[in-house]
Structures are given as C-alpha cells and as structure tokens.
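File shown: protein_31.pdb. Contents: PDB, C-alpha atoms.
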ATOM      1  CA  MET B 365     -11.532  -9.449  -7.380
ATOM      2  CA  GLY B 366     -12.689  -5.883  -6.733
ATOM      3  CA  ASN B 367      -9.452  -4.300  -7.934
ATOM      4  CA  SER B 368      -9.356  -6.527 -11.019
ATOM      5  CA  LEU B 369     -12.930  -5.617 -11.918
ATOM      6  CA  LEU B 370     -12.268  -1.919 -11.396
ATOM      7  CA  SER B 371      -9.115  -2.016 -13.534
ATOM      8  CA  LEU B 372     -11.069  -3.697 -16.343
ATOM      9  CA  LEU B 373     -13.724  -0.990 -16.158
ATOM     10  CA  TYR B 374     -11.184   1.819 -16.406
ATOM     11  CA  LEU B 375      -9.287   0.004 -19.161
ATOM     12  CA  TYR B 376     -12.543  -0.437 -21.082
ATOM     13  CA  THR B 377     -13.268   3.275 -20.702
ATOM     14  CA  PHE B 378      -9.810   4.320 -21.903
ATOM     15  CA  LEU B 379      -9.844   2.011 -24.942
ATOM     16  CA  VAL B 380     -13.498   1.745 -26.015
ATOM     17  CA  GLN B 381     -15.194   4.855 -24.614
ATOM     18  CA  PRO B 382     -12.448   7.511 -24.448
ATOM     19  CA  HIS B 383     -15.072  10.287 -24.551
ATOM     20  CA  MET B 384     -16.215   9.218 -21.068
ATOM     21  CA  LYS B 385     -12.823   9.353 -19.384
ATOM     22  CA  LYS B 386     -11.820  12.160 -17.063
ATOM     23  CA  PRO B 387      -8.318  13.164 -15.929
ATOM     24  CA  ILE B 388      -9.005  11.879 -12.410
ATOM     25  CA  ASP B 389      -9.706   8.393 -13.848
ATOM     26  CA  ALA B 390      -5.962   8.041 -14.540
ATOM     27  CA  ILE B 391      -5.269   8.514 -10.816
ATOM     28  CA  PHE B 392      -7.944   5.968  -9.882
ATOM     29  CA  MET B 393      -6.458   3.534 -12.405
ATOM     30  CA  HIS B 394      -2.942   3.957 -11.023
ATOM     31  CA  LEU B 395      -4.178   3.454  -7.462
ATOM     32  CA  THR B 396      -6.027   0.304  -8.540
ATOM     33  CA  LEU B 397      -2.955  -1.147 -10.255
ATOM     34  CA  VAL B 398      -0.841  -0.404  -7.174
ATOM     35  CA  ASN B 399      -3.376  -2.264  -5.026
ATOM     36  CA  ILE B 400      -3.388  -5.234  -7.409
ATOM     37  CA  LEU B 401       0.385  -5.504  -6.956
ATOM     38  CA  ASN B 402       0.325  -4.847  -3.210
ATOM     39  CA  LEU B 403      -2.307  -7.357  -2.071
ATOM     40  CA  PRO B 404      -0.551 -10.580  -3.201
ATOM     41  CA  LEU B 405       2.765  -9.323  -1.839
ATOM     42  CA  THR B 406       1.084  -8.670   1.515
ATOM     43  CA  LEU B 407      -0.878 -11.878   1.891
ATOM     44  CA  LEU B 408       1.002 -14.583  -0.027
ATOM     45  CA  PRO B 409       3.865 -15.146   2.474
ATOM     46  CA  ASN B 410       1.389 -15.451   5.357
ATOM     47  CA  ILE B 411      -0.880 -17.791   3.406
ATOM     48  CA  MET B 412       2.015 -20.072   2.487
ATOM     49  CA  ALA B 413       3.307 -20.012   6.072
ATOM     50  CA  SER B 414      -0.152 -20.965   7.380
ATOM     51  CA  PHE B 415       0.073 -24.156   5.284
ATOM     52  CA  GLY B 416       3.481 -24.911   6.780
ATOM     53  CA  VAL B 417       5.438 -24.354   3.570
ATOM     54  CA  GLN B 418       9.109 -23.876   4.403
ATOM     55  CA  ARG B 419      11.764 -22.178   2.272
ATOM     56  CA  PHE B 420       9.106 -20.617   0.067
ATOM     57  CA  LEU B 421      11.436 -17.666  -0.613
ATOM     58  CA  ASP B 422      15.205 -17.631  -0.959
ATOM     59  CA  ASP B 423      17.387 -14.550  -0.456
ATOM     60  CA  VAL B 424      16.593 -13.134  -3.900
ATOM     61  CA  GLY B 425      12.890 -13.852  -3.462
ATOM     62  CA  CYS B 426      12.827 -12.128  -0.070
ATOM     63  CA  LYS B 427      14.555  -9.040  -1.425
ATOM     64  CA  ALA B 428      12.262  -8.844  -4.474
ATOM     65  CA  VAL B 429       9.001  -9.437  -2.593
ATOM     66  CA  MET B 430       9.740  -7.067   0.278
ATOM     67  CA  PHE B 431      11.133  -4.356  -2.007
ATOM     68  CA  LEU B 432       8.039  -4.429  -4.246
ATOM     69  CA  PHE B 433       5.746  -4.596  -1.201
ATOM     70  CA  ARG B 434       7.323  -1.494   0.336
ATOM     71  CA  VAL B 435       7.384   0.380  -2.968
ATOM     72  CA  THR B 436       3.694  -0.311  -3.687
ATOM     73  CA  ARG B 437       2.792   0.630  -0.115
ATOM     74  CA  GLY B 438       4.624   3.924  -0.572
ATOM     75  CA  LEU B 439       2.919   4.453  -3.939
ATOM     76  CA  SER B 440      -0.433   4.011  -2.228
ATOM     77  CA  ILE B 441       0.102   6.955   0.118
ATOM     78  CA  CYS B 442       1.514   9.110  -2.708
ATOM     79  CA  THR B 443      -1.334   8.348  -5.116
ATOM     80  CA  THR B 444      -4.040   8.843  -2.491
ATOM     81  CA  SER B 445      -2.502  12.212  -1.636
ATOM     82  CA  LEU B 446      -2.415  13.161  -5.334
ATOM     83  CA  LEU B 447      -6.078  12.159  -5.614
ATOM     84  CA  SER B 448      -7.028  14.444  -2.744
ATOM     85  CA  VAL B 449      -4.984  17.372  -4.093
ATOM     86  CA  PHE B 450      -6.360  16.971  -7.625
ATOM     87  CA  GLN B 451      -9.989  16.903  -6.443
ATOM     88  CA  ALA B 452      -9.433  19.912  -4.190
ATOM     89  CA  ILE B 453      -8.122  21.856  -7.206
ATOM     90  CA  THR B 454     -11.052  20.651  -9.329
ATOM     91  CA  ILE B 455     -13.803  21.832  -6.998
ATOM     92  CA  SER B 456     -11.908  25.058  -6.207
ATOM     93  CA  SER B 457     -11.694  26.078  -9.869
ATOM     94  CA  VAL B 458     -14.885  28.142  -9.628
ATOM     95  CA  GLN B 459     -12.750  30.737  -7.877
ATOM     96  CA  ALA B 460     -10.730  32.913 -10.255
ATOM     97  CA  GLN B 461      -7.386  32.314  -8.552
ATOM     98  CA  TRP B 462      -7.716  28.536  -9.047
ATOM     99  CA  VAL B 463      -8.716  28.473 -12.733
ATOM    100  CA  TRP B 464      -5.158  28.525 -14.066
ATOM    101  CA  LEU B 465      -4.154  25.729 -11.681
ATOM    102  CA  LYS B 466      -6.955  23.431 -12.876
ATOM    103  CA  SER B 467      -5.864  23.832 -16.505
ATOM    104  CA  LYS B 468      -2.327  22.775 -15.527
ATOM    105  CA  SER B 469      -3.173  20.038 -13.010
ATOM    106  CA  SER B 470      -4.142  17.381 -15.562
ATOM    107  CA  LEU B 471      -0.726  17.801 -17.225
ATOM    108  CA  TRP B 472       1.030  16.964 -13.948
ATOM    109  CA  ILE B 473      -0.640  13.580 -13.392
ATOM    110  CA  PHE B 474       1.709  11.279 -15.328
ATOM    111  CA  PRO B 475       4.905  13.155 -14.353
ATOM    112  CA  SER B 476       3.697  12.766 -10.753
ATOM    113  CA  PHE B 477       3.370   9.001 -11.250
ATOM    114  CA  LEU B 478       6.954   8.832 -12.528
ATOM    115  CA  PHE B 479       8.180  10.922  -9.604
ATOM    116  CA  PHE B 480       6.360   8.662  -7.105
ATOM    117  CA  TRP B 481       7.896   5.495  -8.576
ATOM    118  CA  VAL B 482      11.425   6.926  -8.619
ATOM    119  CA  LEU B 483      11.059   8.382  -5.114
ATOM    120  CA  ASN B 484       9.809   5.181  -3.486
ATOM    121  CA  MET B 485      12.225   2.900  -5.326
ATOM    122  CA  ALA B 486      15.097   5.115  -4.194
ATOM    123  CA  ILE B 487      13.846   5.253  -0.596
ATOM    124  CA  TYR B 488      13.470   1.492  -0.214
ATOM    125  CA  VAL B 489      16.751   0.374  -1.788
ATOM    126  CA  PRO B 490      18.425   0.183   1.692
ATOM    127  CA  VAL B 491      15.662  -2.152   2.921
ATOM    128  CA  ILE B 492      16.876  -5.047   0.781
ATOM    129  CA  ILE B 493      20.558  -4.795   1.685
ATOM    130  CA  ASP B 494      20.349  -6.635   5.026
ATOM    131  CA  LEU B 495      17.308  -8.734   4.167
ATOM    132  CA  LYS B 496      17.890 -12.495   4.130
ATOM    133  CA  SER B 497      15.740 -15.590   3.973
ATOM    134  CA  THR B 498      15.170 -17.707   7.047
ATOM    135  CA  SER B 499      13.953 -21.253   7.521
ATOM    136  CA  ASN B 500      13.048 -20.750  11.171
ATOM    137  CA  PHE B 501       9.421 -19.777  11.874
ATOM    138  CA  THR B 502      10.374 -18.797  15.441
ATOM    139  CA  LEU B 503      11.965 -15.367  15.103
ATOM    140  CA  VAL B 504      13.943 -13.590  17.779
ATOM    141  CA  GLY B 505      15.589 -10.161  17.706
ATOM    142  CA  SER B 506      14.556  -6.657  16.797
ATOM    143  CA  GLY B 507      14.077  -5.757  13.145
ATOM    144  CA  PHE B 508      11.670  -6.761  10.415
ATOM    145  CA  SER B 509      10.753 -10.453  10.306
ATOM    146  CA  ASN B 510       8.150 -12.670   8.765
ATOM    147  CA  ALA B 511       7.941 -16.411   8.157
ATOM    148  CA  TYR B 512      10.495 -16.347   5.339
ATOM    149  CA  CYS B 513      12.534 -13.137   5.636
ATOM    150  CA  HIS B 514      14.463 -11.415   8.375
ATOM    151  CA  ALA B 515      16.345  -8.121   8.483
ATOM    152  CA  ILE B 516      18.542  -7.314  11.433
ATOM    153  CA  HIS B 517      17.798  -3.925  12.995
ATOM    154  CA  THR B 518      21.039  -1.962  13.148
ATOM    155  CA  GLU B 519      21.548   0.492  15.956
ATOM    156  CA  GLY B 520      23.167   3.785  15.024
ATOM    157  CA  SER B 521      22.910   6.915  12.963
ATOM    158  CA  THR B 522      22.243   5.146   9.645
ATOM    159  CA  SER B 523      19.081   3.518  10.957
ATOM    160  CA  GLY B 524      17.957   6.774  12.570
ATOM    161  CA  HIS B 525      18.513   8.760   9.390
ATOM    162  CA  TYR B 526      16.606   6.206   7.356
ATOM    163  CA  LEU B 527      13.617   6.312   9.723
ATOM    164  CA  CYS B 528      13.673  10.121   9.483
ATOM    165  CA  VAL B 529      13.472   9.882   5.693
ATOM    166  CA  LEU B 530      10.484   7.544   5.896
ATOM    167  CA  LEU B 531       8.795   9.724   8.489
ATOM    168  CA  ALA B 532       9.386  12.867   6.422
ATOM    169  CA  ARG B 533       7.831  11.291   3.333
ATOM    170  CA  ASP B 534       4.808  10.065   5.267
ATOM    171  CA  LEU B 535       4.301  13.408   7.011
ATOM    172  CA  VAL B 536       4.471  15.380   3.748
ATOM    173  CA  PHE B 537       1.822  13.291   2.018
ATOM    174  CA  ILE B 538      -0.375  12.849   5.095
ATOM    175  CA  ILE B 539      -0.350  16.626   5.693
ATOM    176  CA  LEU B 540      -1.245  17.174   2.029
ATOM    177  CA  MET B 541      -4.158  14.751   2.392
ATOM    178  CA  ILE B 542      -5.471  16.310   5.575
ATOM    179  CA  THR B 543      -5.040  19.905   4.356
ATOM    180  CA  THR B 544      -6.786  19.328   1.027
ATOM    181  CA  SER B 545      -9.487  17.243   2.712
ATOM    182  CA  LEU B 546     -10.248  20.029   5.188
ATOM    183  CA  HIS B 547     -10.344  22.472   2.276
ATOM    184  CA  MET B 548     -12.856  20.246   0.454
ATOM    185  CA  VAL B 549     -14.988  19.911   3.583
ATOM    186  CA  LYS B 550     -15.052  23.699   3.849
ATOM    187  CA  LEU B 551     -16.126  24.062   0.205
ATOM    188  CA  LEU B 552     -18.818  21.401   0.599
ATOM    189  CA  TYR B 553     -20.153  23.187   3.674
ATOM    190  CA  GLN B 554     -20.264  26.487   1.795
ATOM    191  CA  HIS B 555     -22.046  24.780  -1.095
ATOM    192  CA  HIS B 556     -24.562  23.260   1.321
ATOM    193  CA  GLN B 557     -25.203  26.677   2.859
ATOM    194  CA  ARG B 558     -25.852  28.193  -0.581
ATOM    195  CA  THR B 559     -28.245  25.420  -1.603
ATOM    196  CA  GLN B 560     -30.337  26.062   1.515
ATOM    197  CA  HIS B 561     -31.451  29.316  -0.097
ATOM    198  CA  LEU B 562     -32.764  27.640  -3.256
ATOM    199  CA  HIS B 563     -36.500  27.783  -3.681
ATOM    200  CA  SER B 564     -36.755  24.235  -5.078
ATOM    201  CA  PRO B 565     -36.124  21.527  -2.436
ATOM    202  CA  SER B 566     -35.596  18.960  -5.195
ATOM    203  CA  LEU B 567     -32.752  20.995  -6.682
ATOM    204  CA  ALA B 568     -31.190  21.567  -3.300
ATOM    205  CA  SER B 569     -31.225  17.845  -2.549
ATOM    206  CA  GLN B 570     -29.422  16.870  -5.783
ATOM    207  CA  PRO B 571     -25.638  16.885  -5.282
ATOM    208  CA  ALA B 572     -23.451  17.924  -8.191
ATOM    209  CA  PRO B 573     -21.201  15.228  -9.715
ATOM    210  CA  GLU B 574     -18.131  17.055  -8.371
ATOM    211  CA  ASN B 575     -19.597  16.944  -4.868
ATOM    212  CA  LYS B 576     -20.309  13.209  -5.113
ATOM    213  CA  ALA B 577     -16.731  12.586  -6.269
ATOM    214  CA  THR B 578     -15.471  14.764  -3.409
ATOM    215  CA  HIS B 579     -17.447  12.754  -0.851
ATOM    216  CA  THR B 580     -15.945   9.556  -2.275
ATOM    217  CA  ILE B 581     -12.391  10.882  -2.086
ATOM    218  CA  LEU B 582     -12.894  12.169   1.455
ATOM    219  CA  LEU B 583     -14.079   8.692   2.414
ATOM    220  CA  LEU B 584     -11.033   7.122   0.757
ATOM    221  CA  VAL B 585      -8.666   9.517   2.522
ATOM    222  CA  SER B 586     -10.314   8.852   5.895
ATOM    223  CA  CYS B 587      -9.996   5.088   5.414
ATOM    224  CA  PHE B 588      -6.399   5.435   4.308
ATOM    225  CA  VAL B 589      -5.334   7.590   7.263
ATOM    226  CA  PHE B 590      -7.039   5.225   9.731
ATOM    227  CA  PHE B 591      -5.587   1.994   8.339
ATOM    228  CA  TYR B 592      -2.176   3.497   7.557
ATOM    229  CA  CYS B 593      -1.719   4.913  11.061
ATOM    230  CA  SER B 594      -3.037   1.736  12.711
ATOM    231  CA  ASN B 595      -0.724  -0.394  10.600
ATOM    232  CA  ASN B 596       2.302   1.780  11.383
ATOM    233  CA  ILE B 597       1.638   1.598  15.133
ATOM    234  CA  MET B 598       1.481  -2.197  15.047
ATOM    235  CA  LEU B 599       4.454  -2.380  12.663
ATOM    236  CA  PHE B 600       6.705  -0.298  14.918
ATOM    237  CA  TYR B 601       5.700  -2.428  17.900
ATOM    238  CA  TYR B 602       6.458  -5.592  15.950
ATOM    239  CA  PHE B 603       9.709  -4.161  14.589
ATOM    240  CA  TYR B 604      11.176  -3.318  17.983
ATOM    241  CA  THR B 605       9.918  -6.408  19.853
ATOM    242  CA  ALA B 606      12.723  -8.840  20.650
ATOM    243  CA  VAL B 607      10.507 -11.949  20.505
ATOM    244  CA  LYS B 608       8.160 -11.902  17.544
ATOM    245  CA  ILE B 609       4.536 -12.775  18.272
ATOM    246  CA  PRO B 610       2.875 -14.461  15.272
ATOM    247  CA  ILE B 611      -0.550 -12.918  15.954
ATOM    248  CA  VAL B 612       0.955  -9.437  15.729
ATOM    249  CA  GLN B 613       2.363 -10.248  12.278
ATOM    250  CA  ILE B 614      -1.097 -11.452  11.213
ATOM    251  CA  ILE B 615      -2.698  -8.219  12.475
ATOM    252  CA  VAL B 616      -0.097  -6.159  10.585
ATOM    253  CA  SER B 617      -0.851  -8.066   7.382
ATOM    254  CA  ILE B 618      -4.610  -7.656   7.819
ATOM    255  CA  LEU B 619      -4.296  -3.911   8.428
ATOM    256  CA  SER B 620      -2.003  -3.591   5.393
ATOM    257  CA  SER B 621      -4.535  -5.351   3.165
ATOM    258  CA  CYS B 622      -7.685  -3.579   4.418
ATOM    259  CA  TYR B 623      -7.288  -0.346   2.457
ATOM    260  CA  PRO B 624      -6.459  -1.885  -0.956
ATOM    261  CA  THR B 625      -9.301  -4.359  -0.446
ATOM    262  CA  ILE B 626     -11.940  -1.758   0.460
ATOM    263  CA  ILE B 627     -11.034   0.873  -2.171
ATOM    264  CA  PRO B 628     -12.593  -0.759  -5.267
ATOM    265  CA  PHE B 629     -15.931  -1.376  -3.567
ATOM    266  CA  LEU B 630     -16.118   2.235  -2.371
ATOM    267  CA  LEU B 631     -15.393   3.450  -5.899
ATOM    268  CA  LEU B 632     -17.859   1.066  -7.513
ATOM    269  CA  LYS B 633     -20.602   2.128  -5.108
ATOM    270  CA  ASN B 634     -20.070   5.872  -4.799
ATOM    271  CA  ASN B 635     -18.913   6.726  -8.322
ATOM    272  CA  LYS B 636     -21.811   4.796  -9.865
ATOM    273  CA  ILE B 637     -19.584   3.246 -12.485
ATOM    274  CA  LEU B 638     -21.946   0.297 -12.729
ATOM    275  CA  SER B 639     -24.906   2.442 -13.723
ATOM    276  CA  LYS B 640     -23.004   4.554 -16.251
ATOM    277  CA  ARG B 641     -21.071   1.885 -18.128
ATOM    278  CA  PRO B 642     -22.957  -1.025 -19.669
ATOM    279  CA  PHE B 643     -19.777  -3.099 -19.928
ATOM    280  CA  SER B 644     -19.498  -3.130 -16.138
ATOM    281  CA  LEU B 645     -22.995  -4.541 -15.763
ATOM    282  CA  SER B 646     -22.142  -7.517 -17.940
ATOM    283  CA  LEU B 647     -18.938  -8.060 -15.956
ATOM    284  CA  MET B 648     -20.871  -8.045 -12.721
ATOM    285  CA  ARG B 649     -23.385 -10.560 -14.107
ATOM    286  CA  ILE B 650     -20.540 -12.847 -15.231
ATOM    287  CA  THR B 651     -18.804 -12.503 -11.867
ATOM    288  CA  SER B 652     -21.965 -13.164  -9.860
ATOM    289  CA  GLY B 653     -22.769 -16.123 -12.104
ATOM    290  CA  GLN B 654     -19.343 -17.629 -11.547
ATOM    291  CA  ASN B 655     -19.637 -17.118  -7.796
ATOM    292  CA  SER B 656     -23.037 -18.825  -7.753
ATOM    293  CA  PHE B 657     -21.697 -21.730  -9.823
ATOM    294  CA  ASN B 658     -18.661 -22.123  -7.584
ATOM    295  CA  GLY B 659     -20.822 -21.900  -4.515
TER     296      GLY B 659
END
Have the structure of the file written as structure tokens, please.
Amino acid sequence: MGNSLLSLLYLYTFLVQPHMKKPIDAIFMHLTLVNILNLPLTLLPNIMASFGVQRFLDDVGCKAVMFLFRVTRGLSICTTSLLSVFQAITISSVQAQWVWLKSKSSLWIFPSFLFFWVLNMAIYVPVIIDLKSTSNFTLVGSGFSNAYCHAIHTEGSTSGHYLCVLLARDLVFIILMITTSLHMVKLLYQHHQRTQHLHSPSLASQPAPENKATHTILLLVSCFVFFYCSNNIMLFYYFYTAVKIPIVQIIVSILSSCYPTIIPFLLLKNNKILSKRPFSLSLMRITSGQNSFNG
C-alpha cells in the first residue's frame, strides 16, 4: 500500500505538476517501482505455501519468479547507492569543484537506470539455469530452496567465480553508499557548526530543504545496509545448510521484505510530500476511509 501510494504521488507530480518535480524524484520513483515488483515476488511463494498449496509454480514459473526477484533485489542496492551519490553531489555543489558535477549529474540518472537493469539481468542469468520446481516441501541438500523451487549448489570454480561476481557488485555499491553517506554526515556537521554562530536561534533551528532530504537519505541508507547485511547472513546460512529449516526461510523472506516495506513510509514522513501536494491528502483520506470501512 505504501509503495503504491508513493508511486501515485510521484506520477501525479510528473504529469500534473511538472514544475514541482526535482531530478532526485526520478530516483525515488524508480526505487518505489522496484519495491512494488520485489515485494510480491518475495512474499507470494511463502504465503501460498503457508496455505498448503502444492505445485503453485512449474519450472518456467520458478525461473521467472526467482529471476525477477533477484534482479529487483539487485536494482534496490544499485538505486539506493545512486540516491546517496546524487544527494552527496547536490549538497556538495556549494563548493566550486563540485558545481560542474551537479550540472551533469541529472543527465546521468536515466542512463544509470538502464545500466543497472542490464547489469543485474546479466548477472542473474546463471541463477535460472539449474533452477527447477519441486513438489516436496521437505528440502534436503545445499543450494537455494523454497517451497516450490530448488537449485542444486554446484561445487567448483564456476560457483566460486559467480559468488565473487555477486560479492564484487555488492561491495562496490555498498562502499559507494557508505563513502557518500560519511561525506554527507561531514557536510551536515560543518553546516551545524556554522549555524551555531548565527545570531537568530530561530534561523539556526530551521534546517534547509537539502539538509532534510539528506537526513532522509542517510536514514534510508542505514536501513538498507542493516537489512541487506542481515538478510545476506541468513541467506548464506540457509544456502549452505544441508537440511533446510522452514523458520530460517521465513526469516529470510521477512528480512528481504522489510526494506521495501519501510521505504515509502520514511519518504512520506520525512519528505513532507503529504503537506506539499494536495492530491496526496485526498489519497490518504480515501485510503483511511477504505481501511475504516473494511475494519
């Protein structure tokens, strides 16, 4: 619900109020769409399995669902990293050496999206080769498994090389996130130190819009790093365990869904979209009214 509402707000801004849109809104919109795709792919197999539905996915269904799930998960880390880099450039543009980069950064957004899609689709093609459907809920053997799909873990150089590729991608984007986040924290601290010398306490206590956006993005990056690392730890444990424990698979799914579920509410609260866009207020009233009626 949160991601759907947020996507409608950004779509309304792009189509009806284009004068209000900012380049960073395109990154938020892409991240929201990725989350809308990722959440059903994460939760639907577990929900159907909890109701005892067997043979919900055949071989083609397993390959399609798991491929799209992995691609959207990879897009999430890439887009969050781009968001952090873009905001770091934005708030650094007051310095002369960063001005030229800010003027170019908005032109790189959509080519970056295309690069992220091609990169992640290429990386995860090998995942679907050995993936097959299974009708047995009791899974044994190392490798990826859920209630409907199972991929045999192959020992050897191919598997090792593939894990190195995944690790390299994750490290590059995680390092970008952390580096740009630390840079933004440094700039915010310097800004706070300068505002301490202002004579008006009211002016010093009012954060600039760029600073509020930076706080939001730092919060998003922190949440992402926490949930992404926690999920990977549990996923590696589950992957290399000979006898699959169902509760571990549930924990992996919950950790995978936490970040895309939390994002829209953080954006709606911290970016104050609701207070700036009248359309969003009416959507919230309709949504709350429907929830009250259904309740």
- Query: On this structure, which residues satisfy the PyMOL selection byres ((chain B and resi 434) around 9), written as a ChimeraX atom specification?
  - Reply: /B:402,429-433,435-439,484-485,488,491
- List as a PyMOL selection string: which residues have an atom within 12 Å of (0.0, -15.1, 2.3), counting all atoms listed in the file? chain B and resi 402-417+420+429+510-512+613-614+617-618+621
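Nearest-residue note for Ile473 of chain B: choosing from B:Leu527, B:Met393, B:Ile538, B:Val424, the minimum distance belongs to B:Met393, counting only C-alpha atoms.
From atom CA of Leu478 of chain B back to atom CA of Ile391 of chain B, the distance works out to 12.3 Å.
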- Task: Give the answer as one residue: which of B:Ser545, B:His394, B:Gln554, B:Ile492 has the shortest atom-to-atom distance to Phe480 of chain B, using all atoms listed in the file?
- Result: B:His394
- Item | Atomic separation - atom CA of His579 of chain B relative to atom CA of Leu540 of chain B, Å | 17.0 Å
- Starting from the displayed file, determine the output of the PyMOL selection byres ((chain B and resi 530-533) around 10) and express the residue list as a PyMOL selection string. chain B and resi 438+441-442+483-484+487-488+525-529+534-538
